[in-house]
Amino acid sequence: MADQASLNRLLQWGIENSDASRKDSTTQFTDQQRDPTRGPNAAALAELLGGPSDADRMREAMSAIVAPIDQVDLENKLIAWDNFEQLIEQIDNANNIESLGMWPPLLQQLDSPEPEMRKMAAWCMSTAVQNNVKCQEKLLGVGAIPKLAKRAVNDENQAVRKKAVNALSSGVRNYQPGMDELEKSLPESIWSRGQGLDAGDMDSVDEVIHKLRDQAVRS
């Protein structure tokens, strides 16, 4: 829905341009020509009249992302990724990833042969789960943590490794089931088996994440 400020501006425009607030229609037309900023808010008007919602935009972006490369080239896929990532910065849109059935195709992009696609998949996961328990639960539920751990440690591309580490950092903080899964997924050079960590202990979490970041940069 349109935000309250947009609706207020639209309402105000309607009041100012009503017959009761104008001496005659000629004056109204002239005033609007002189000051085009007095028109209604385009975004609010589009939504009220049935314009594309954020969910529609998310669908469009994901359709471009998963389309065959001969239909949507890499440059346009990356534009779609950028649009998708910006949309899911809003927590309601991030939570809608599940209702729109987008977690499986998002996860599949971690296996893309194209490094930029793997990087953007990890980046979007990181954005979605940040301070969002519902998405942390989905990250765990779809099996993303082992895949992200693999990318963080073994991916041939440094940018992919770094984004995977970021996604893991956001995905396990203050979420113990995710932290327990991460322990199972990392090599012993990073995390000794049976060590155990409290997901709410930020110093301990930071220690593991810093090891991953150091390795991601050196590899």
# chains A, B, ... in the order shown; residues from 1 in each chain; ligands from 1

call {"tool": "closest_atom_pairs", "arguments": {"of": "range 184-210 of chain A", "to": "range 151-173 of chain A", "cutoff": "10 Å", "atoms": "only C-alpha atoms", "output": "CSV"}}
result
residue,atom,partner,partner_atom,distance
A:Leu186,CA,A:Val153,CA,8.1
A:Pro187,CA,A:Val153,CA,8.5
A:Ile190,CA,A:Val153,CA,9.4
A:Asp198,CA,A:Arg173,CA,9.1
A:Ala199,CA,A:Arg173,CA,5.4
A:Gly200,CA,A:Arg173,CA,6.5
A:Asp201,CA,A:Arg173,CA,8.4
A:Met202,CA,A:Arg173,CA,7.5
A:Val205,CA,A:Arg173,CA,7.2
A:Asp206,CA,A:Ser169,CA,8.2
A:Val208,CA,A:Ser169,CA,9.1
A:Ile209,CA,A:Ser169,CA,6.3
A:His210,CA,A:Val165,CA,9.1

call {"tool": "write_last_selection", "arguments": {"atoms": "C-alpha atoms", "output": "PDB file, in the first residue's frame"}}
result
ATOM      1  CA  LEU A 186      32.531 -25.683   8.696  1.00  0.00           C
ATOM      2  CA  PRO A 187      35.901 -27.438   8.474  1.00  0.00           C
ATOM      3  CA  ILE A 190      37.677 -22.905  11.330  1.00  0.00           C
ATOM      4  CA  ASP A 198      26.112 -19.464  22.105  1.00  0.00           C
ATOM      5  CA  ALA A 199      24.485 -17.627  19.187  1.00  0.00           C
ATOM      6  CA  GLY A 200      23.813 -14.730  21.529  1.00  0.00           C
ATOM      7  CA  ASP A 201      27.470 -14.343  22.512  1.00  0.00           C
ATOM      8  CA  MET A 202      28.566 -11.752  19.976  1.00  0.00           C
ATOM      9  CA  VAL A 205      30.322 -15.363  17.041  1.00  0.00           C
ATOM     10  CA  ASP A 206      32.642 -12.596  15.849  1.00  0.00           C
ATOM     11  CA  VAL A 208      34.329 -17.492  14.086  1.00  0.00           C
ATOM     12  CA  ILE A 209      33.160 -14.983  11.488  1.00  0.00           C
ATOM     13  CA  HIS A 210      36.529 -13.202  11.579  1.00  0.00           C
TER      14      HIS A 210
END

call {"tool": "atom_distance", "arguments": {"atom1": "CA of Gly143 in chain A", "atom2": "CA of Gln130 in chain A"}}
result
17.3 Å

call {"tool": "residues_around", "arguments": {"residues": "range 121-125 of chain A", "least_positions_apart": "3", "cutoff": "7 Å", "atoms": "only C-alpha atoms", "output": "ChimeraX atom specification"}}
result
/A:85,106,109-110,117-118,128-129,163-164,167

call {"tool": "write_last_selection", "arguments": {"atoms": "N, CA, C and O atoms", "output": "PDB file, in the first residue's frame"}}
result
ATOM      1  N   GLU A  85      17.315  -6.959  -4.421  1.00  0.00           N
ATOM      2  CA  GLU A  85      17.989  -6.712  -3.146  1.00  0.00           C
ATOM      3  C   GLU A  85      17.458  -5.456  -2.473  1.00  0.00           C
ATOM      4  O   GLU A  85      17.260  -5.428  -1.253  1.00  0.00           O
ATOM      5  N   LEU A 106      16.167 -18.840  -5.236  1.00  0.00           N
ATOM      6  CA  LEU A 106      17.262 -18.040  -4.691  1.00  0.00           C
ATOM      7  C   LEU A 106      18.413 -18.939  -4.281  1.00  0.00           C
ATOM      8  O   LEU A 106      19.587 -18.669  -4.590  1.00  0.00           O
ATOM      9  N   GLN A 109      20.641 -20.350  -7.107  1.00  0.00           N
ATOM     10  CA  GLN A 109      21.616 -19.449  -7.715  1.00  0.00           C
ATOM     11  C   GLN A 109      22.991 -19.537  -7.054  1.00  0.00           C
ATOM     12  O   GLN A 109      23.989 -19.090  -7.630  1.00  0.00           O
ATOM     13  N   LEU A 110      23.062 -20.111  -5.858  1.00  0.00           N
ATOM     14  CA  LEU A 110      24.370 -20.343  -5.239  1.00  0.00           C
ATOM     15  C   LEU A 110      25.193 -21.363  -6.020  1.00  0.00           C
ATOM     16  O   LEU A 110      26.408 -21.448  -5.844  1.00  0.00           O
ATOM     17  N   MET A 117      26.366 -14.176 -10.262  1.00  0.00           N
ATOM     18  CA  MET A 117      25.064 -14.697  -9.831  1.00  0.00           C
ATOM     19  C   MET A 117      25.171 -15.309  -8.439  1.00  0.00           C
ATOM     20  O   MET A 117      24.291 -15.116  -7.597  1.00  0.00           O
ATOM     21  N   ARG A 118      26.253 -16.057  -8.193  1.00  0.00           N
ATOM     22  CA  ARG A 118      26.448 -16.638  -6.859  1.00  0.00           C
ATOM     23  C   ARG A 118      26.616 -15.532  -5.817  1.00  0.00           C
ATOM     24  O   ARG A 118      26.074 -15.602  -4.713  1.00  0.00           O
ATOM     25  N   ALA A 128      18.157 -10.376   3.476  1.00  0.00           N
ATOM     26  CA  ALA A 128      16.874 -10.894   3.946  1.00  0.00           C
ATOM     27  C   ALA A 128      16.904 -11.306   5.414  1.00  0.00           C
ATOM     28  O   ALA A 128      15.944 -11.073   6.154  1.00  0.00           O
ATOM     29  N   VAL A 129      17.993 -11.910   5.852  1.00  0.00           N
ATOM     30  CA  VAL A 129      18.022 -12.499   7.201  1.00  0.00           C
ATOM     31  C   VAL A 129      18.494 -11.525   8.276  1.00  0.00           C
ATOM     32  O   VAL A 129      18.399 -11.835   9.465  1.00  0.00           O
ATOM     33  N   LYS A 163      30.730 -12.438   0.359  1.00  0.00           N
ATOM     34  CA  LYS A 163      29.279 -12.283   0.517  1.00  0.00           C
ATOM     35  C   LYS A 163      28.669 -13.478   1.243  1.00  0.00           C
ATOM     36  O   LYS A 163      27.723 -13.326   2.023  1.00  0.00           O
ATOM     37  N   ALA A 164      29.218 -14.666   1.010  1.00  0.00           N
ATOM     38  CA  ALA A 164      28.731 -15.847   1.724  1.00  0.00           C
ATOM     39  C   ALA A 164      29.008 -15.731   3.216  1.00  0.00           C
ATOM     40  O   ALA A 164      28.169 -16.096   4.051  1.00  0.00           O
ATOM     41  N   ALA A 167      26.469 -13.414   4.705  1.00  0.00           N
ATOM     42  CA  ALA A 167      25.172 -14.065   4.861  1.00  0.00           C
ATOM     43  C   ALA A 167      25.163 -14.987   6.077  1.00  0.00           C
ATOM     44  O   ALA A 167      24.174 -15.038   6.826  1.00  0.00           O
TER      45      ALA A 167
END

call {"tool": "atom_distance", "arguments": {"atom1": "CA of Val133 in chain A", "atom2": "CA of Asp111 in chain A"}}
result
24.8 Å

call {"tool": "atom_distance", "arguments": {"atom1": "CA of Pro177 in chain A", "atom2": "CA of Trp81 in chain A"}}
result
28.4 Å

call {"tool": "closest_residue", "arguments": {"among": "A:Pro115, A:Gly196, A:Gly141, A:Pro105", "to": "Met62 in chain A", "atoms": "only C-alpha atoms"}}
result
A:Pro105

call {"tool": "select_by_dssp", "arguments": {"residues": "range 23-198 of chain A", "states": "helix (DSSP H, G or I)", "output": "ChimeraX atom specification"}}
result
/A:25-34,36-38,42-48,54-66,74-87,91-99,103-111,115-129,133-141,144-154,158-172,176-185

call {"tool": "closest_residue", "arguments": {"among": "A:Val72, A:Leu78, A:Met58, A:Leu107", "to": "Gln90 in chain A", "atoms": "only C-alpha atoms"}}
result
A:Met58

call {"tool": "closest_residue", "arguments": {"among": "A:Asp54, A:Asp180, A:Glu207, A:Glu137", "to": "Glu89 in chain A", "atoms": "only C-alpha atoms"}}
result
A:Asp54

call {"tool": "closest_residue", "arguments": {"among": "A:Ile65, A:Leu197, A:Ser53, A:Thr127", "to": "Ile88 in chain A", "atoms": "only C-alpha atoms"}}
result
A:Thr127
